[in-house]
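S.K.: One structure, pasted below without further comment.
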Amino acid sequence: MSKIIIKTPEQIAWIRKAGNLTARTLDMIGAYVRSWVSTLELDNIMNTYILSNGWVSACIDYKGNNTWGKWGYPRSTCISLNDVICHGIPKADEILKEWDILNIDVTTIVDGYFGDASRMYTVGEVSEKAKELIAVTKKSWEIGIAEVRSGNFFGNIGYAISQYAESRGYSVVRDYTGHGVGIEFHEEPYVYHKAEKNTGPKMQVGMVFTIEPMINLGKYASKLDKDNWTAKTKDGSLSAQFEHTIAVTEKWYEILTVA
Ligand code: MF3
Ligand code: CO
Ligand code: CO
């Protein structure tokens, strides 16, 4: 039996508020992403911004599940540099430099409701390969989002994303997925970014979930760092990701993580 929560319009209104704060945080931090800044400084700026809006980050102390780490997450945001796929922990001695690419992932809690989103940022000039990876990741994400409508299979999101990314020579991370979100940080279902056509549950009006493909320049395999959070590409290749929180609506869908 499916335990996918159907949200009421009132609940979605709160998730939209959280999504709005998340999106504004990601907008705000753009101006601070440059050479010589540490990822911990960026994390602190974002945490201060969220707190000054009267709400909190969902990440601090988050326990996740066994595959993600035994201890609570130590920071307010995830910053995943270059070959880090996701869940990079901001650090005082991790200093940005020209050519770096990074994903910043923010989840806020507004009155108990969660909004989860991430974007890519670049530091100064980056390589053509990095630019193409980011462009293909973004396009695959948009193609996946276009599959969201009541009655469609969740599997068609991952089918569309993987068809696009793999046909261009990139690989789709399988060890981390999108997820239901809103009342909890991570709810059912898993939203796979690589899937077979017409598989999985069907989308229904009132479902709220993330689509957050992680696309690698090399192979899809990941490895977990000793810190039990940071996921990196096994082959050391660059990885990119974009994420939105999305609701299925009567008409089509609504992206909730917008400023
Ligand atoms: N925001 C991440 C996601 O998209 C989860 C981060 S969990 C944390 O699902 F504890 F690392 F913050
Ligand atoms: Co997410
Ligand atoms: Co996220």
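So you can find residues: chains in the structure tokens are A, B, ... in the order shown, residues in each start at 1, and ligands are numbered from 1 in order.
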Show which residues sit within 10 Å of stretch 42-54 of chain A, as an MDAnalysis selection string. Count only C-alpha atoms, and ignore same-chain residues fewer than 4 positions away.
M.R.: chainID A and resid 21:22 24:26 28:30 32:33 37:38 60 75:79 89:92 104 106:111
S.K.: Listing only residues of chain A within 9 Å of ligand 1, what is the closest atom pair and its distance in Å (to one decimal) for each, using only C-alpha atoms and all ligand atoms, sorted by chain and residue number ascending, as a Markdown table?
M.R.:
| residue | atom | partner | partner_atom_place_in_ligand_line | distance |
| --- | --- | --- | --- | --- |
| A:Ser57 | CA | ligand 1 | 12 (F) | 8.8 |
| A:Ala58 | CA | ligand 1 | 12 (F) | 6.9 |
| A:Cys59 | CA | ligand 1 | 12 (F) | 3.8 |
| A:Ile60 | CA | ligand 1 | 10 (F) | 6.7 |
| A:Asp61 | CA | ligand 1 | 10 (F) | 7.1 |
| A:Tyr62 | CA | ligand 1 | 10 (F) | 4.8 |
| A:Lys63 | CA | ligand 1 | 10 (F) | 6.6 |
| A:Gly64 | CA | ligand 1 | 10 (F) | 6.1 |
| A:Trp68 | CA | ligand 1 | 11 (F) | 8.0 |
| A:Gly69 | CA | ligand 1 | 10 (F) | 8.9 |
| A:Gly72 | CA | ligand 1 | 10 (F) | 7.1 |
| A:Tyr73 | CA | ligand 1 | 10 (F) | 4.7 |
| A:Pro74 | CA | ligand 1 | 10 (F) | 7.9 |
| A:Arg75 | CA | ligand 1 | 12 (F) | 7.4 |
| A:Ser76 | CA | ligand 1 | 12 (F) | 7.0 |
| A:Thr77 | CA | ligand 1 | 12 (F) | 6.0 |
| A:Cys78 | CA | ligand 1 | 12 (F) | 5.8 |
| A:Cys86 | CA | ligand 1 | 2 (C) | 7.7 |
| A:His87 | CA | ligand 1 | 11 (F) | 4.7 |
| A:Gly88 | CA | ligand 1 | 11 (F) | 7.5 |
| A:Ile89 | CA | ligand 1 | 11 (F) | 7.7 |
| A:Asp105 | CA | ligand 1 | 1 (N) | 5.4 |
| A:Val106 | CA | ligand 1 | 1 (N) | 5.9 |
| A:Thr107 | CA | ligand 1 | 1 (N) | 5.7 |
| A:Asp116 | CA | ligand 1 | 1 (N) | 5.8 |
| A:Ala117 | CA | ligand 1 | 4 (O) | 6.6 |
| A:Ser118 | CA | ligand 1 | 4 (O) | 7.3 |
| A:Tyr176 | CA | ligand 1 | 9 (O) | 8.3 |
| A:Thr177 | CA | ligand 1 | 9 (O) | 7.7 |
| A:Gly178 | CA | ligand 1 | 9 (O) | 6.6 |
| A:His179 | CA | ligand 1 | 9 (O) | 7.1 |
| A:Val181 | CA | ligand 1 | 9 (O) | 8.8 |
| A:Phe185 | CA | ligand 1 | 9 (O) | 7.4 |
| A:His186 | CA | ligand 1 | 9 (O) | 6.8 |
| A:Thr210 | CA | ligand 1 | 4 (O) | 7.5 |
| A:Ile211 | CA | ligand 1 | 4 (O) | 8.7 |
| A:Glu212 | CA | ligand 1 | 4 (O) | 6.9 |
| A:Trp229 | CA | ligand 1 | 11 (F) | 6.7 |
| A:Thr230 | CA | ligand 1 | 11 (F) | 8.3 |
| A:Glu243 | CA | ligand 1 | 4 (O) | 7.0 |
| A:His244 | CA | ligand 1 | 4 (O) | 8.8 |
S.K.: Go ahead and write the selection's residues with N, CA and C atoms as a CSV table (one decimal), in the first residue's frame.
M.R.:
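To be explicit, this is the file written out as out01.csv:
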chain,number,residue,atom,x,y,z
A,57,SER,N,16.6,26.2,9.2
A,57,SER,CA,17.1,25.2,8.3
A,57,SER,C,16.7,23.8,8.7
A,58,ALA,N,16.3,23.0,7.8
A,58,ALA,CA,15.9,21.6,8.1
A,58,ALA,C,17.2,20.7,8.2
A,59,CYS,N,18.3,21.2,7.8
A,59,CYS,CA,19.5,20.3,7.7
A,59,CYS,C,20.2,20.1,9.0
A,60,ILE,N,20.3,21.2,9.9
A,60,ILE,CA,21.1,21.1,11.1
A,60,ILE,C,20.5,20.0,12.0
A,61,ASP,N,21.4,19.0,12.3
A,61,ASP,CA,21.1,17.9,13.2
A,61,ASP,C,20.2,16.9,12.5
A,62,TYR,N,19.9,17.0,11.2
A,62,TYR,CA,19.0,16.0,10.5
A,62,TYR,C,19.7,14.7,10.6
A,63,LYS,N,18.9,13.7,10.9
A,63,LYS,CA,19.5,12.3,11.1
A,63,LYS,C,19.5,11.5,9.8
A,64,GLY,N,18.6,11.8,8.8
A,64,GLY,CA,18.6,11.0,7.6
A,64,GLY,C,18.3,9.6,7.9
A,68,TRP,N,23.0,7.3,5.0
A,68,TRP,CA,23.5,8.7,4.9
A,68,TRP,C,24.4,9.1,6.1
A,69,GLY,N,24.4,8.4,7.2
A,69,GLY,CA,25.3,8.8,8.3
A,69,GLY,C,24.7,8.5,9.7
A,72,GLY,N,23.8,13.3,13.3
A,72,GLY,CA,23.1,14.4,12.7
A,72,GLY,C,24.0,15.2,11.8
A,73,TYR,N,23.3,15.8,10.8
A,73,TYR,CA,24.1,16.6,9.8
A,73,TYR,C,24.6,17.9,10.6
A,74,PRO,N,25.9,18.3,10.4
A,74,PRO,CA,26.4,19.3,11.3
A,74,PRO,C,26.2,20.8,10.8
A,75,ARG,N,25.7,21.0,9.6
A,75,ARG,CA,25.6,22.4,9.1
A,75,ARG,C,24.2,22.7,8.6
A,76,SER,N,24.0,24.0,8.2
A,76,SER,CA,22.6,24.4,7.8
A,76,SER,C,22.3,24.2,6.3
A,77,THR,N,23.3,24.0,5.5
A,77,THR,CA,23.1,23.8,4.1
A,77,THR,C,24.1,22.7,3.6
A,78,CYS,N,23.8,22.2,2.4
A,78,CYS,CA,24.8,21.3,1.7
A,78,CYS,C,25.5,22.1,0.6
A,86,CYS,N,26.5,15.1,-3.8
A,86,CYS,CA,25.5,15.8,-2.9
A,86,CYS,C,26.0,15.6,-1.4
A,87,HIS,N,25.3,16.4,-0.6
A,87,HIS,CA,25.5,16.3,0.9
A,87,HIS,C,26.9,16.7,1.3
A,88,GLY,N,27.6,17.6,0.5
A,88,GLY,CA,28.9,18.2,0.9
A,88,GLY,C,28.7,19.0,2.2
A,89,ILE,N,29.6,18.8,3.1
A,89,ILE,CA,29.5,19.6,4.4
A,89,ILE,C,30.3,20.9,4.3
A,105,ASP,N,22.4,23.4,-1.7
A,105,ASP,CA,21.1,22.8,-1.5
A,105,ASP,C,20.6,23.3,-0.1
A,106,VAL,N,19.4,23.9,-0.2
A,106,VAL,CA,18.8,24.6,1.0
A,106,VAL,C,17.5,24.0,1.2
A,107,THR,N,17.2,23.6,2.5
A,107,THR,CA,15.8,23.2,2.9
A,107,THR,C,15.4,24.0,4.1
A,116,ASP,N,12.4,22.4,-0.3
A,116,ASP,CA,13.8,21.9,-0.6
A,116,ASP,C,14.2,22.2,-2.1
A,117,ALA,N,15.3,22.9,-2.3
A,117,ALA,CA,15.7,23.2,-3.6
A,117,ALA,C,17.2,23.3,-3.7
A,118,SER,N,17.8,23.2,-4.8
A,118,SER,CA,19.3,23.4,-5.0
A,118,SER,C,19.5,23.9,-6.4
A,176,TYR,N,21.2,8.2,-5.0
A,176,TYR,CA,20.4,9.3,-4.3
A,176,TYR,C,19.3,9.6,-5.3
A,177,THR,N,18.1,10.0,-4.7
A,177,THR,CA,16.9,10.2,-5.5
A,177,THR,C,16.2,11.5,-5.0
A,178,GLY,N,15.2,11.8,-5.8
A,178,GLY,CA,14.2,12.8,-5.3
A,178,GLY,C,13.3,12.1,-4.3
A,179,HIS,N,12.3,12.8,-3.8
A,179,HIS,CA,11.5,12.3,-2.6
A,179,HIS,C,10.3,13.1,-2.4
A,181,VAL,N,8.0,15.3,-0.1
A,181,VAL,CA,8.5,16.4,0.9
A,181,VAL,C,7.3,17.2,1.3
A,185,PHE,N,10.9,16.0,6.0
A,185,PHE,CA,11.9,16.3,5.0
A,185,PHE,C,11.9,15.3,3.9
A,186,HIS,N,11.9,14.0,4.2
A,186,HIS,CA,11.9,13.0,3.2
A,186,HIS,C,10.8,12.0,3.4
A,210,THR,N,10.2,16.2,-4.7
A,210,THR,CA,11.3,16.9,-5.4
A,210,THR,C,11.7,16.1,-6.6
A,211,ILE,N,12.3,16.9,-7.6
A,211,ILE,CA,13.0,16.3,-8.7
A,211,ILE,C,14.4,16.9,-8.6
A,212,GLU,N,15.4,16.1,-8.5
A,212,GLU,CA,16.7,16.6,-8.2
A,212,GLU,C,17.8,15.8,-8.8
A,229,TRP,N,28.6,11.5,5.2
A,229,TRP,CA,27.6,12.3,4.5
A,229,TRP,C,28.0,12.6,3.1
A,230,THR,N,29.2,13.1,2.9
A,230,THR,CA,29.6,13.6,1.6
A,230,THR,C,29.7,12.4,0.6
A,243,GLU,N,17.5,21.2,-8.2
A,243,GLU,CA,16.4,20.6,-7.4
A,243,GLU,C,15.3,21.6,-7.2
A,244,HIS,N,14.0,21.2,-7.4
A,244,HIS,CA,12.8,22.0,-7.1
A,244,HIS,C,11.9,21.1,-6.3
S.K.: Considering only C-alpha atoms, can you say which of A:Asp100, A:Glu187, A:Glu196, A:Asp235 comes closest to A:Ser171?
M.R.: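 Selected residue with least distance to A:Ser171: A:Asp235.
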S.K.: Compile the contact shell of A:Glu147 as a PDB file with N, CA, C and O atoms, in the first residue's frame: residues with an atom at most 6 Å away, counting only C-alpha atoms, same-chain residues fewer than 2 positions apart removed.
M.R.:
ATOM      1  N   GLY A 144      12.459  16.333 -16.978  1.00  0.00           N
ATOM      2  CA  GLY A 144      11.828  15.512 -15.936  1.00  0.00           C
ATOM      3  C   GLY A 144      10.615  16.220 -15.347  1.00  0.00           C
ATOM      4  O   GLY A 144       9.545  15.611 -15.173  1.00  0.00           O
ATOM      5  N   ILE A 145      10.738  17.502 -15.080  1.00  0.00           N
ATOM      6  CA  ILE A 145       9.628  18.277 -14.501  1.00  0.00           C
ATOM      7  C   ILE A 145       8.431  18.288 -15.462  1.00  0.00           C
ATOM      8  O   ILE A 145       7.275  18.215 -15.027  1.00  0.00           O
ATOM      9  N   ILE A 157       9.353  10.186 -15.106  1.00  0.00           N
ATOM     10  CA  ILE A 157      10.270  11.289 -14.788  1.00  0.00           C
ATOM     11  C   ILE A 157      11.710  10.800 -14.999  1.00  0.00           C
ATOM     12  O   ILE A 157      12.503  11.419 -15.711  1.00  0.00           O
TER      13      ILE A 157
END
S.K.: My list of candidates is A:Phe114, A:Tyr159, A:Trp71, A:Trp141. Which is closest to ligand 3 when distances are computed with only C-alpha atoms and all ligand atoms?
M.R.: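 Closest residue, counting only C-alpha atoms and all ligand atoms: A:Phe114.
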S.K.: Enumerate the residues of stretch 98-237 of chain A with a DSSP assignment of strand (DSSP E), computed from the backbone, and present them as a ChimeraX atom specification.
M.R.: /A:101-110,113-122,171-172,178-180,187-191,208-211,214-216,222-224,231-233
S.K.: Taking only C-alpha atoms and all ligand atoms into account, which of A:Phe242, A:Phe154, A:Tyr113, A:Tyr253 comes nearest ligand 2?
M.R.: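 Of A:Phe242, A:Phe154, A:Tyr113, A:Tyr253, the one nearest ligand 2, counting only C-alpha atoms and all ligand atoms, is A:Phe242.
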S.K.: Between A:Pro9, A:Gly206, A:Pro213, A:Gly169, which is the closest to ligand 3 once you count only C-alpha atoms and all ligand atoms?
M.R.: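 Comparing A:Pro9, A:Gly206, A:Pro213, A:Gly169 against ligand 3, the winner is A:Pro213.
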S.K.: Determine, counting only C-alpha atoms, which protein, DNA and RNA residues have an atom within 7 Å of an atom of A:Ser162; residues of the same chain fewer than 4 positions away are not included. Present the result as a ChimeraX atom specification.
M.R.: /A:158,166,172,193-194
S.K.: Take atom CA of A:Gln241 and atom CA of A:Leu102 and report the distance between them in Å, one decimal.
M.R.: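 Between atom CA of A:Gln241 and atom CA of A:Leu102 the gap is 8.9 Å.
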S.K.: Mind checking which residues fall within 12 Å of A:Lys129, counting only C-alpha atoms, ignoring those fewer than 3 positions away in the same chain, and posting them as a CSV table (one decimal) with N, CA, C and O atoms, in the first residue's frame?
M.R.:
chain,number,residue,atom,x,y,z
A,82,ASN,N,32.5,20.4,-7.2
A,82,ASN,CA,33.2,19.6,-8.2
A,82,ASN,C,32.8,18.2,-8.3
A,82,ASN,O,31.8,17.9,-8.8
A,99,TRP,N,37.3,28.3,-11.5
A,99,TRP,CA,37.1,27.0,-12.1
A,99,TRP,C,36.2,26.0,-11.3
A,99,TRP,O,35.9,25.0,-11.8
A,101,ILE,N,33.0,24.4,-9.7
A,101,ILE,CA,31.5,24.4,-9.8
A,101,ILE,C,30.9,23.8,-8.5
A,101,ILE,O,31.6,23.0,-7.9
A,125,GLU,N,35.7,31.9,-14.3
A,125,GLU,CA,35.6,31.2,-15.6
A,125,GLU,C,35.7,29.7,-15.2
A,125,GLU,O,36.5,29.3,-14.4
A,126,VAL,N,34.8,28.9,-15.9
A,126,VAL,CA,34.9,27.4,-15.7
A,126,VAL,C,35.1,26.8,-17.1
A,126,VAL,O,34.9,27.5,-18.1
A,132,GLU,N,29.0,22.6,-20.1
A,132,GLU,CA,28.1,21.7,-20.8
A,132,GLU,C,27.4,20.7,-19.8
A,132,GLU,O,26.2,20.4,-19.9
A,133,LEU,N,28.2,20.2,-18.8
A,133,LEU,CA,27.6,19.3,-17.8
A,133,LEU,C,26.5,20.1,-17.1
A,133,LEU,O,25.4,19.5,-16.9
A,134,ILE,N,26.7,21.3,-16.7
A,134,ILE,CA,25.6,22.1,-16.0
A,134,ILE,C,24.4,22.3,-16.9
A,134,ILE,O,23.3,22.1,-16.5
A,135,ALA,N,24.7,22.6,-18.2
A,135,ALA,CA,23.6,22.8,-19.1
A,135,ALA,C,22.8,21.6,-19.3
A,135,ALA,O,21.5,21.6,-19.3
A,136,VAL,N,23.4,20.4,-19.5
A,136,VAL,CA,22.7,19.2,-19.7
A,136,VAL,C,22.0,18.8,-18.5
A,136,VAL,O,20.8,18.3,-18.6
A,169,GLY,N,25.9,11.3,-23.4
A,169,GLY,CA,27.2,10.7,-22.8
A,169,GLY,C,27.4,10.9,-21.4
A,169,GLY,O,28.5,10.6,-20.9
A,170,TYR,N,26.4,11.4,-20.7
A,170,TYR,CA,26.5,11.6,-19.2
A,170,TYR,C,25.9,10.5,-18.5
A,170,TYR,O,25.1,9.7,-19.1
A,216,ASN,N,26.6,13.0,-13.7
A,216,ASN,CA,28.0,12.9,-13.7
A,216,ASN,C,28.6,13.0,-15.1
A,216,ASN,O,28.1,12.4,-16.0
A,217,LEU,N,29.8,13.6,-15.2
A,217,LEU,CA,30.6,13.7,-16.4
A,217,LEU,C,31.1,12.3,-16.7
A,217,LEU,O,31.2,11.9,-17.9
A,218,GLY,N,31.5,11.5,-15.7
A,218,GLY,CA,32.0,10.1,-15.9
A,218,GLY,C,30.9,9.1,-15.6
A,218,GLY,O,29.8,9.2,-16.1
A,237,SER,N,35.1,12.3,-11.4
A,237,SER,CA,34.6,13.2,-12.4
A,237,SER,C,33.6,14.2,-11.8
A,237,SER,O,33.1,14.0,-10.7
A,238,LEU,N,33.4,15.3,-12.5
A,238,LEU,CA,32.5,16.4,-12.0
A,238,LEU,C,31.1,15.9,-12.0
A,238,LEU,O,30.7,15.0,-12.8
A,239,SER,N,30.3,16.5,-11.1
A,239,SER,CA,28.9,16.1,-10.9
A,239,SER,C,28.1,17.4,-10.8
A,239,SER,O,28.6,18.4,-10.2
A,240,ALA,N,26.9,17.4,-11.3
A,240,ALA,CA,26.0,18.6,-11.2
A,240,ALA,C,24.6,18.2,-10.8
A,240,ALA,O,24.2,17.1,-11.0
S.K.: Go through stretch 29-186 of chain A and collect every residue that DSSP, computed from the backbone, puts in helix (DSSP H, G or I); the answer should be as a PyMOL selection string.
M.R.: chain A and resi 29-32+39-52+128-145+155-167
S.K.: Between A:Ile6, A:Val191, A:Ala18, A:Ile215, which residue has the minimum interatomic distance to ligand 2, considering only C-alpha atoms and all ligand atoms?
M.R.: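 Result for the nearest residue to ligand 2: A:Val191.
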S.K.: Given only C-alpha atoms and all ligand atoms as the basis, pick out the residue of A:Ser35, A:Ser80, A:Thr8, A:Thr122 nearest to ligand 3.
M.R.: A:Ser80
